[in-house]
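Coordinates as given in data.txt (compact mmCIF, C-alpha atoms):
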# COMPACT_ATOMS: atom_id res chain seq x y z
CA MET Y 1 -42.26 34.63 10.13
CA SER Y 2 -38.93 35.07 8.39
CA VAL Y 3 -36.19 37.35 9.68
CA THR Y 4 -33.00 38.25 7.86
CA VAL Y 5 -30.02 39.69 9.67
CA THR Y 6 -27.05 41.06 7.74
CA PHE Y 7 -23.66 42.03 9.09
CA GLU Y 8 -21.15 44.03 7.10
CA GLY Y 9 -17.63 45.05 7.94
CA GLU Y 10 -14.23 45.76 6.51
CA ASP Y 11 -12.80 42.61 8.08
CA HIS Y 12 -13.68 39.51 10.06
CA ALA Y 13 -13.14 41.23 13.43
CA GLN Y 14 -15.76 43.90 12.65
CA VAL Y 15 -18.31 41.30 11.60
CA VAL Y 16 -17.67 39.24 14.74
CA LYS Y 17 -18.06 42.37 16.88
CA GLN Y 18 -21.40 43.15 15.22
CA VAL Y 19 -22.61 39.57 15.71
CA ARG Y 20 -21.69 39.67 19.40
CA GLU Y 21 -23.44 43.02 19.89
CA TRP Y 22 -26.52 41.71 18.13
CA LEU Y 23 -26.56 38.53 20.21
CA GLU Y 24 -26.36 40.60 23.41
CA THR Y 25 -29.56 42.41 22.42
CA VAL Y 26 -31.58 39.22 22.17
CA GLU Y 27 -33.61 39.25 25.37
CA ALA Y 28 -36.71 37.26 24.54
CA GLU Y 29 -36.89 33.96 26.37
CA PRO Y 30 -38.92 31.14 24.89
CA PRO Y 31 -42.32 30.73 26.61
CA GLY Y 32 -41.32 27.29 27.89
CA PRO Y 33 -38.97 24.44 27.15
CA LEU Y 34 -38.46 23.72 23.48
CA SER Y 35 -39.77 20.52 22.07
CA PRO Y 36 -37.04 18.22 20.74
CA SER Y 37 -38.09 19.06 17.17
CA GLU Y 38 -37.91 22.80 17.88
CA ALA Y 39 -34.46 22.44 19.44
CA ILE Y 40 -33.22 20.45 16.45
CA ALA Y 41 -34.65 22.99 13.99
CA GLN Y 42 -33.11 25.91 15.90
CA GLY Y 43 -29.74 24.14 16.01
CA ALA Y 44 -29.88 23.61 12.27
CA GLU Y 45 -30.66 27.27 11.67
CA VAL Y 46 -27.71 28.32 13.84
CA THR Y 47 -25.45 26.03 11.81
CA LYS Y 48 -26.74 27.48 8.54
CA ASP Y 49 -26.29 31.01 9.91
CA ALA Y 50 -22.68 30.16 10.76
CA LEU Y 51 -22.13 28.83 7.23
CA ARG Y 52 -23.68 32.00 5.82
CA ILE Y 53 -21.44 34.25 7.96
CA ILE Y 54 -18.34 32.31 6.94
CA ALA Y 55 -19.32 32.46 3.27
CA GLN Y 56 -20.03 36.19 3.42
CA SER Y 57 -16.76 36.97 5.18
CA ALA Y 58 -14.63 35.12 2.62
CA PRO Y 59 -12.51 37.31 0.35
CA ALA Y 60 -14.17 37.93 -3.02
CA PRO Y 61 -11.89 35.66 -5.11
CA ILE Y 62 -12.67 32.75 -2.77
CA ALA Y 63 -16.36 33.55 -2.30
CA GLN Y 64 -16.86 33.73 -6.07
CA ASN Y 65 -15.11 30.43 -6.68
CA GLU Y 66 -17.55 27.77 -7.87
CA VAL Y 67 -16.06 25.09 -5.60
CA PHE Y 68 -16.55 27.33 -2.56
CA LYS Y 69 -20.16 28.05 -3.55
CA ARG Y 70 -20.89 24.34 -4.01
CA LEU Y 71 -19.29 23.42 -0.69
CA THR Y 72 -21.39 26.05 1.06
CA ALA Y 73 -24.55 24.75 -0.64
CA MET Y 74 -23.59 21.20 0.37
CA GLY Y 75 -23.25 22.40 3.98
CA TYR Y 76 -26.78 23.82 3.88
CA LYS Y 77 -28.16 20.64 2.31
CA ALA Y 78 -26.36 18.36 4.78
CA THR Y 79 -27.67 20.44 7.68
CA ASP Y 80 -31.25 20.27 6.39
CA THR Y 81 -31.01 16.53 5.69
CA THR Y 82 -29.64 15.85 9.18
CA LYS Y 83 -32.33 18.06 10.76
CA ASP Y 84 -35.08 16.22 8.90
CA ALA Y 85 -33.69 12.80 9.84
CA LEU Y 86 -33.34 13.76 13.50
CA ILE Y 87 -36.84 15.22 13.68
CA THR Y 88 -38.26 12.09 12.05
CA GLY Y 89 -36.31 9.87 14.44
CA VAL Y 90 -37.35 11.83 17.53
CA GLY Y 91 -40.94 11.78 16.32
CA ALA Y 92 -40.80 8.01 15.90
CA ILE Y 93 -39.35 7.59 19.41
CA GLU Y 94 -42.04 9.87 20.86
CA ASP Y 95 -44.76 7.93 19.05
CA ALA Y 96 -43.40 4.55 20.13
CA THR Y 97 -42.98 5.51 23.79
CA GLY Y 98 -45.76 8.03 24.23
CA GLY Y 99 -43.12 10.71 24.80
CA GLY Y 100 -41.63 8.92 27.82
CA VAL Y 101 -38.09 8.54 26.47
CA VAL Y 102 -37.88 12.16 25.34
CA LYS Y 103 -39.16 13.36 28.73
CA GLU Y 104 -36.65 11.12 30.52
CA VAL Y 105 -33.78 12.48 28.42
CA ARG Y 106 -34.94 16.06 29.03
CA ASP Y 107 -35.19 15.46 32.79
CA THR Y 108 -31.81 13.71 32.89
CA GLY Y 109 -30.22 16.60 31.00
CA ARG Y 110 -31.74 19.14 33.39
CA ASP Y 111 -30.52 17.14 36.41
CA ALA Y 112 -27.03 16.83 34.94
CA LEU Y 113 -26.89 20.55 34.25
CA TYR Y 114 -28.00 21.31 37.82
CA GLU Y 115 -25.36 18.97 39.25
CA MET Y 116 -22.71 20.50 37.00
CA ASN Y 117 -23.70 24.01 38.08
CA VAL Y 118 -23.51 22.99 41.77
CA ALA Y 119 -20.04 21.48 41.24
CA VAL Y 120 -18.83 24.59 39.40
CA ALA Y 121 -20.23 26.85 42.12
CA LYS Y 122 -18.42 24.82 44.80
CA GLN Y 123 -15.15 25.11 42.89
CA ILE Y 124 -15.59 28.88 42.53
CA LEU Y 125 -16.28 29.21 46.27
CA LYS Y 126 -13.16 27.17 47.03
CA GLN Y 127 -11.11 29.48 44.82
CA LEU Y 128 -12.58 32.58 46.43
CA HIS Y 129 -11.92 31.32 49.94
CA GLY Y 130 -8.43 30.11 49.00
CA SER Y 131 -8.97 26.55 50.17
In structure tokens, write the structure found in this file.
Amino acid sequence: MSVTVTFEGEDHAQVVKQVREWLETVEAEPPGPLSPSEAIAQGAEVTKDALRIIAQSAPAPIAQNEVFKRLTAMGYKATDTTKDALITGVGAIEDATGGGVVKEVRDTGRDALYEMNVAVAKQILKQLHGS
């Protein structure tokens, strides 16, 4: 399934406002944790979307410049090449370890995020209580 989202505005601030409003409407949660390959692919798409937004918001004389067009295309290609290499590498690690290393990294990341959230919550409580 392919989805195209277009934002138009008179200036950068209007486009950014539209992007923020659109992002706030996204409510669907993934059915479960993403696989490493899915996370890499989604990250690459976000990067390409950012490149696209930057390219579309450039003033016409810049956007129509051949150097600018080639740099943008190089950004897309570099993103796709990096995505493919990462997915291949993660796949090789999963194959070699039976998925153990990827699971360990995922669990470690989740634990670190939990610990970080606890530390932040304690700091907020300290600030609220003035201690």
Margin query: Under the rule that all atoms listed in the file are counted, which of Y:Ser37, Y:Gln14, Y:Thr82, Y:Thr72 is the nearest residue to Ile54 of chain Y?
Written below: Y:Thr72
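Of the residues listed (Y:Ile62, Y:Val5, Y:Leu34, Y:Leu51), Y:Leu51 shows the shortest atom-to-atom separation from Lys77 of chain Y; distances use only C-alpha atoms.
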Next item on the list: Go through Y:Thr4, Y:Ile93, Y:Leu23, Y:Gln123 one by one, measure the shortest atom-to-atom distance of each to Arg52 of chain Y using only C-alpha atoms, and give the residue with the smallest value.
Entry: Y:Thr4
Item checked: atom CA of Ala92 of chain Y to atom CA of Thr79 of chain Y, distance in Å rounded to a single decimal ->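 Atom-to-atom, atom CA of Ala92 of chain Y to atom CA of Thr79 of chain Y, that is 19.9 Å.
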Check: Between Y:Ala44, Y:Ala96, Y:Ala13, Y:Ala58, which one has atoms that come closest to Gly75 of chain Y, using only C-alpha atoms?
Finding: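 Nearest to Gly75 of chain Y: Y:Ala44.
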